[in-house]
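Text of work-v7.tsv (TSV, C-alpha atoms) as supplied:
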```tsv
chain	number	residue	atom	x	y	z
A	1	MET	CA	0.00	0.00	0.00
A	2	SER	CA	1.38	3.38	-0.94
A	3	PRO	CA	1.76	5.85	1.90
A	4	LYS	CA	-0.67	8.75	2.13
A	5	ILE	CA	1.29	11.96	2.59
A	6	ILE	CA	-0.33	15.25	3.54
A	7	PHE	CA	1.55	18.45	2.79
A	8	LEU	CA	0.43	21.16	5.21
A	9	ILE	CA	1.86	24.39	3.82
A	10	ARG	CA	1.53	27.41	6.09
A	11	SER	CA	4.49	29.64	5.28
A	12	ASN	CA	4.00	32.89	3.38
A	13	PRO	CA	5.28	32.36	-0.19
A	14	CYS	CA	6.12	36.07	-0.40
A	15	GLU	CA	8.48	35.78	2.57
A	16	SER	CA	9.82	32.23	2.42
A	17	PRO	CA	10.94	29.80	-0.28
A	18	ARG	CA	9.47	26.90	1.72
A	19	PRO	CA	6.02	26.85	0.03
A	20	ALA	CA	7.64	26.57	-3.40
A	21	GLU	CA	9.95	23.84	-2.14
A	22	ALA	CA	6.97	22.00	-0.65
A	23	ILE	CA	5.21	22.08	-4.03
A	24	ARG	CA	8.35	20.73	-5.70
A	25	ILE	CA	8.67	17.92	-3.15
A	26	ALA	CA	4.96	17.06	-3.40
A	27	ALA	CA	5.30	16.71	-7.17
A	28	GLY	CA	8.49	14.69	-6.77
A	29	LEU	CA	6.91	12.25	-4.34
A	30	GLY	CA	3.74	12.07	-6.41
A	31	VAL	CA	5.66	10.56	-9.29
A	32	ASN	CA	6.49	7.51	-7.15
A	33	ASN	CA	2.92	6.32	-6.62
A	34	ASN	CA	2.56	7.95	-3.25
A	35	THR	CA	-0.86	9.33	-2.42
A	36	ILE	CA	-0.40	13.06	-1.95
A	37	LYS	CA	-2.77	15.74	-0.70
A	38	ILE	CA	-1.86	19.40	-0.28
A	39	ILE	CA	-3.45	21.74	2.25
A	40	LEU	CA	-2.74	25.46	2.05
A	41	SER	CA	-3.29	27.43	5.22
A	42	GLY	CA	-2.19	30.77	6.67
A	43	ASP	CA	-0.72	32.90	3.88
A	44	ALA	CA	0.22	29.88	1.75
A	45	PRO	CA	-2.90	30.05	-0.50
A	46	ARG	CA	-1.30	33.13	-2.05
A	47	LEU	CA	0.84	30.78	-4.12
A	48	LEU	CA	-2.30	29.98	-6.15
A	49	SER	CA	-3.03	33.64	-6.80
A	50	ALA	CA	-2.99	34.97	-10.35
A	51	ASP	CA	-1.71	38.40	-9.43
A	52	GLU	CA	1.09	37.78	-6.94
A	53	GLU	CA	4.36	39.11	-8.27
A	54	GLU	CA	6.39	38.91	-5.11
A	55	ILE	CA	6.23	35.16	-4.61
A	56	ILE	CA	9.63	33.65	-3.94
A	57	ASP	CA	10.68	30.99	-6.44
A	58	LEU	CA	7.60	31.65	-8.54
A	59	ASP	CA	9.25	29.77	-11.41
A	60	ILE	CA	9.28	26.60	-9.28
A	61	ILE	CA	5.60	27.01	-8.45
A	62	GLU	CA	4.68	27.70	-12.07
A	63	LYS	CA	6.62	24.62	-13.12
A	64	PHE	CA	5.28	22.14	-10.59
A	65	LEU	CA	1.70	23.24	-9.83
A	66	PRO	CA	0.51	22.32	-13.34
A	67	ILE	CA	2.12	18.89	-12.88
A	68	ILE	CA	0.30	18.48	-9.57
A	69	GLU	CA	-2.93	19.44	-11.29
A	70	GLU	CA	-2.28	17.07	-14.19
A	71	TRP	CA	-1.76	14.17	-11.79
A	72	ASN	CA	-4.98	15.03	-9.94
A	73	ILE	CA	-3.18	15.62	-6.67
A	74	PRO	CA	-5.84	17.45	-4.65
A	75	VAL	CA	-5.08	20.96	-3.44
A	76	TYR	CA	-7.17	22.20	-0.54
A	77	VAL	CA	-7.40	25.72	0.82
A	78	ASP	CA	-8.26	26.51	4.41
A	79	LYS	CA	-11.44	28.59	4.26
A	80	MET	CA	-10.34	30.53	7.31
A	81	SER	CA	-6.84	31.32	6.07
A	82	SER	CA	-5.66	34.87	5.52
A	83	GLY	CA	-4.26	34.00	2.09
A	84	HIS	CA	-7.66	32.78	0.98
A	85	VAL	CA	-8.75	36.30	-0.04
A	86	HIS	CA	-6.23	36.39	-2.90
A	87	LEU	CA	-7.78	33.57	-4.92
A	88	LYS	CA	-10.66	35.15	-6.83
A	89	ASP	CA	-8.87	34.94	-10.17
A	90	SER	CA	-6.71	31.88	-9.55
A	91	ASN	CA	-5.98	29.74	-12.58
A	92	TYR	CA	-5.46	26.63	-10.48
A	93	LYS	CA	-8.00	24.10	-9.27
A	94	PHE	CA	-8.52	23.89	-5.54
A	95	ARG	CA	-11.21	23.01	-3.06
A	96	GLU	CA	-12.00	24.90	0.10
A	97	LEU	CA	-12.10	23.03	3.39
A	98	ASP	CA	-13.31	24.09	6.79
A	99	THR	CA	-11.42	23.31	9.96
A	100	ASP	CA	-13.15	19.99	10.59
A	101	GLU	CA	-12.48	18.82	7.04
A	102	ILE	CA	-8.82	19.80	7.36
A	103	SER	CA	-8.56	17.81	10.59
A	104	GLU	CA	-10.12	14.78	8.91
A	105	THR	CA	-7.81	15.06	5.93
A	106	ILE	CA	-4.71	15.20	8.12
A	107	ALA	CA	-5.97	12.34	10.28
A	108	GLY	CA	-6.47	10.26	7.14
A	109	GLY	CA	-2.81	10.50	6.13
A	110	HIS	CA	0.08	8.34	7.23
A	111	TYR	CA	2.46	11.29	7.39
A	112	THR	CA	2.10	15.06	7.48
A	113	PHE	CA	4.89	17.21	6.06
A	114	VAL	CA	4.69	20.74	7.45
A	115	PHE	CA	6.20	23.58	5.47
B	1	MET	CA	13.16	13.67	7.30
B	2	LEU	CA	14.23	17.11	8.40
B	3	SER	CA	13.26	20.18	6.37
B	4	THR	CA	14.02	23.00	8.80
B	5	ALA	CA	17.16	25.10	9.21
B	6	PRO	CA	19.90	24.24	11.74
B	7	ASP	CA	18.71	26.95	14.14
B	8	ASN	CA	15.25	25.35	14.44
B	9	LYS	CA	14.76	23.23	17.56
B	10	ASN	CA	13.57	20.40	15.31
B	11	LEU	CA	17.24	19.52	14.84
B	12	ASP	CA	17.78	18.96	18.57
B	13	THR	CA	14.66	16.79	18.77
B	14	ALA	CA	15.59	14.77	15.70
B	15	LEU	CA	19.15	14.23	16.92
B	16	GLY	CA	17.91	13.08	20.31
B	17	ILE	CA	15.65	10.48	18.70
B	18	ILE	CA	18.40	9.38	16.32
B	19	TYR	CA	20.91	8.96	19.13
B	20	ALA	CA	18.47	6.95	21.24
B	21	ALA	CA	17.58	4.74	18.27
B	22	ILE	CA	21.21	4.05	17.34
B	23	LYS	CA	21.96	3.17	20.97
B	24	SER	CA	19.13	0.63	20.72
B	25	ASN	CA	20.69	-0.89	17.59
B	26	ILE	CA	17.95	0.48	15.33
B	27	SER	CA	18.92	1.40	11.79
B	28	VAL	CA	18.38	5.11	11.25
B	29	TYR	CA	18.25	7.06	8.01
B	30	LEU	CA	18.07	10.85	7.94
B	31	TYR	CA	16.97	12.67	4.79
B	32	LEU	CA	17.81	16.38	4.83
B	33	VAL	CA	15.70	18.49	2.49
B	34	ASP	CA	14.93	22.17	1.87
B	35	GLU	CA	16.46	24.31	4.66
B	36	GLY	CA	17.38	21.09	6.45
B	37	ALA	CA	20.12	20.46	3.90
B	38	ALA	CA	22.28	22.95	5.81
B	39	CYS	CA	22.21	20.60	8.83
B	40	ILE	CA	24.79	18.46	7.05
B	41	ASN	CA	27.39	20.88	8.44
B	42	ASP	CA	26.27	20.42	12.04
B	43	ASN	CA	28.99	18.65	14.02
B	44	ARG	CA	26.47	16.51	15.90
B	45	VAL	CA	25.08	15.20	12.61
B	46	ILE	CA	28.59	14.43	11.43
B	47	GLU	CA	29.39	12.60	14.69
B	48	LEU	CA	26.17	10.53	14.45
B	49	SER	CA	27.10	9.56	10.91
B	50	LYS	CA	30.28	8.04	12.35
B	51	ILE	CA	28.32	5.75	14.67
B	52	GLY	CA	25.79	4.46	12.19
B	53	LEU	CA	23.42	7.21	11.00
B	54	ARG	CA	22.85	6.89	7.25
B	55	LEU	CA	22.63	10.38	5.82
B	56	TYR	CA	20.89	11.53	2.67
B	57	VAL	CA	20.80	15.08	1.42
B	58	CYS	CA	18.48	16.49	-1.22
B	59	ALA	CA	20.84	17.37	-4.06
B	60	TYR	CA	18.64	20.26	-5.19
B	61	GLY	CA	18.50	21.72	-1.68
B	62	ALA	CA	22.25	21.31	-1.28
B	63	GLN	CA	22.87	23.07	-4.57
B	64	LYS	CA	20.61	25.97	-3.57
B	65	LYS	CA	22.45	26.29	-0.27
B	66	ARG	CA	25.83	25.94	-2.02
B	67	ILE	CA	26.68	22.88	0.04
B	68	GLU	CA	29.53	20.90	-1.42
B	69	PRO	CA	29.01	17.13	-1.79
B	70	SER	CA	30.86	15.13	0.84
B	71	ASP	CA	31.53	11.49	1.68
B	72	ILE	CA	29.43	11.46	4.84
B	73	ALA	CA	26.12	11.60	2.95
B	74	SER	CA	24.45	10.41	-0.22
B	75	PHE	CA	23.33	13.37	-2.31
B	76	GLY	CA	20.32	12.42	-4.37
B	77	GLY	CA	16.83	13.22	-5.54
B	78	LEU	CA	13.37	12.77	-4.12
B	79	SER	CA	13.25	9.17	-5.30
B	80	ASN	CA	15.55	8.43	-2.34
B	81	LEU	CA	13.07	10.04	0.03
B	82	SER	CA	10.18	8.18	-1.55
B	83	GLU	CA	12.00	4.89	-1.13
B	84	LEU	CA	12.85	5.63	2.50
B	85	ILE	CA	9.22	6.43	3.29
B	86	LYS	CA	8.15	3.11	1.82
B	87	VAL	CA	10.75	0.84	3.42
B	88	CYS	CA	11.01	2.31	6.91
B	89	ASP	CA	9.11	0.72	9.77
B	90	ARG	CA	8.65	4.17	11.19
B	91	PHE	CA	9.04	7.45	9.33
B	92	ILE	CA	9.14	10.76	11.20
B	93	PRO	CA	8.93	14.06	9.30
B	94	PHE	CA	10.22	17.19	11.02
B	95	GLY	CA	9.07	20.37	9.30
```
What does this structure look like when you write it as structure tokens?
Amino acid sequence: MSPKIIFLIRSNPCESPRPAEAIRIAAGLGVNNNTIKIILSGDAPRLLSADEEEIIDLDIIEKFLPIIEEWNIPVYVDKMSSGHVHLKDSNYKFRELDTDEISETIAGGHYTFVF
Amino acid sequence: MLSTAPDNKNLDTALGIIYAAIKSNISVYLYLVDEGAACINDNRVIELSKIGLRLYVCAYGAQKKRIEPSDIASFGGLSNLSELIKVCDRFIPFG
């Protein structure tokens, strides 16, 4: 059975390269038949925004997010997150989750990688 | 797996667990990724590698941090991490 890995990304992509690195790692692990789910919380949903120009390592995000989408790796956005407000015109697919749904998603994984 | 910088307390916690496991004759693998790649220069990590810790460093992360390849660790891609996750009895991510 392939491990279920949850990526909980909370860092601000405009202040830290960690969200971009998390996306790269998620794509890299997804290629090896691992079950991956990505949750964006805090300011991290900004990495899905269409009009963010100050995102660190934007080229990495623009390279790997389409791959994640192509492989149907689900991307969830915390409804209560501050970065959530930036997503009106996002080009990427995502689903909003409330706090209970986020808890259930994390509980359903074997491992949670926090970035 | 350790993805945080050397100044994060995660390193102390991870090293404590690694040391205890090695003392109990448990095989331990440590994969350093993202900001954790810089932990390869921590003397405690180097000392643990001398008593049995198998070290892996994300080659991409090492390149970004300008860390030179060394003999104490295997520098490789995420396929190494994927394999470790699958084969370990217990996998602990520190992030």
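Distances to Gly28 in chain A were evaluated for A:Val77, A:Leu87, A:Leu65, A:Ile55 using only C-alpha atoms, and the minimum falls at A:Leu65.
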Pull out every residue of chain A sitting within 7 Å of chain B, counting all atoms listed in the file, and send them as an mmCIF file with C-alpha atoms, in the coordinates of the input.
```cif
data_model
loop_
_atom_site.group_PDB
_atom_site.id
_atom_site.type_symbol
_atom_site.label_atom_id
_atom_site.label_comp_id
_atom_site.auth_asym_id
_atom_site.auth_seq_id
_atom_site.Cartn_x
_atom_site.Cartn_y
_atom_site.Cartn_z
ATOM 1 C CA PRO A 3 1.760 5.850 1.900
ATOM 2 C CA GLU A 21 9.950 23.840 -2.140
ATOM 3 C CA GLY A 28 8.490 14.690 -6.770
ATOM 4 C CA LEU A 29 6.910 12.250 -4.340
ATOM 5 C CA ASN A 32 6.490 7.510 -7.150
ATOM 6 C CA PHE A 113 4.890 17.210 6.060
ATOM 7 C CA VAL A 114 4.690 20.740 7.450
ATOM 8 C CA PHE A 115 6.200 23.580 5.470
#
```
Rank A:Glu96, A:Ala26, A:Pro45, A:Ala50 by their smallest atom-to-atom distance to Glu69 in chain A, using all atoms listed in the file, and report the top residue only.
A:Ala26
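Between Asn12 in chain A and the residues A:Lys63, A:Lys37, A:Arg46, A:Arg24, the shortest atom-to-atom distance, using all atoms listed in the file, involves A:Arg46.
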Tell me, as a PyMOL selection string, which residues lie within 9 Å of Ile9 in chain A, counting all atoms listed in the file; anything in the same chain fewer than 6 positions away does not count.
chain A and resi 18-19+22-23+38-45+113-115
Would you mind exporting the chosen residues as a short mmCIF file (atom, residue, chain, number, x, y, z; two decimals), in the frame of the given file, restricted to C-alpha atoms?
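The resulting selection.cif:
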```cif
data_model
loop_
_atom_site.label_atom_id
_atom_site.label_comp_id
_atom_site.auth_asym_id
_atom_site.auth_seq_id
_atom_site.Cartn_x
_atom_site.Cartn_y
_atom_site.Cartn_z
CA ARG A 18 9.47 26.90 1.72
CA PRO A 19 6.02 26.85 0.03
CA ALA A 22 6.97 22.00 -0.65
CA ILE A 23 5.21 22.08 -4.03
CA ILE A 38 -1.86 19.40 -0.28
CA ILE A 39 -3.45 21.74 2.25
CA LEU A 40 -2.74 25.46 2.05
CA SER A 41 -3.29 27.43 5.22
CA GLY A 42 -2.19 30.77 6.67
CA ASP A 43 -0.72 32.90 3.88
CA ALA A 44 0.22 29.88 1.75
CA PRO A 45 -2.90 30.05 -0.50
CA PHE A 113 4.89 17.21 6.06
CA VAL A 114 4.69 20.74 7.45
CA PHE A 115 6.20 23.58 5.47
#
```
If we count all atoms listed in the file and set the cut-off at 12 Å, which residues sit around Ile17 in chain B, ignoring sequence neighbours fewer than 3 positions away in its own chain? Please answer as a PyMOL selection string.
chain B and resi 10-14+20-24+26-30+48+53+91-92+94
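Across the model, the gap from CA of Ser74 in chain B to CA of Lys9 in chain B is 24.0 Å.
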Rounded to one decimal place, report the CA of Asp100 in chain A-CA of Ile5 in chain A distance in Å.
18.4 Å
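Close contacts of Leu97 in chain A, defined as residues with an atom at most 12 Å away when counting only C-alpha atoms, with chain neighbours fewer than 6 positions off set aside, comprise Ile38, Ile39, Leu40, Ser41, Pro74, Val75, Tyr76, Val77, Asp78, Lys79, Met80, Ser81, His84, Ser103, Glu104, Thr105 and Ile106 of chain A.
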Work out how far CA of Cys14 in chain A is from CA of Glu52 in chain A, in Å to one decimal.
8.4 Å
Please, what is the axis-aligned box for every listed atom of range 14-26 of chain B with 4 Å on each side, as centre and edge lengths in Å to one decimal, as JSON?
```
{"center_x": 18.8, "center_y": 6.9, "center_z": 18.3, "size_x": 14.4, "size_y": 23.7, "size_z": 13.9}
```
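The residue that comes closest to Lys50 in chain B, out of B:Glu68, B:Tyr31, B:Tyr19, B:Phe75 and on the basis of all atoms listed in the file, is B:Tyr19.
Distances to Asp51 in chain A were evaluated for A:Glu70, A:Ser16, A:Ser90, A:Arg10 using all atoms listed in the file, and the minimum falls at A:Ser90.
Between Lys88 in chain A and the candidates A:Leu48, A:Ile68, A:Leu58, A:Ile73, the tightest atom-to-atom separation, counting all atoms listed in the file, involves A:Leu48.
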Might you pull out every residue within 9 Å of Ile40 in chain B, with all atoms listed in the file counted and same-chain residues fewer than 6 positions away left off, and present them as a ChimeraX atom specification?
/B:6,32,46,55,57,67,72-73
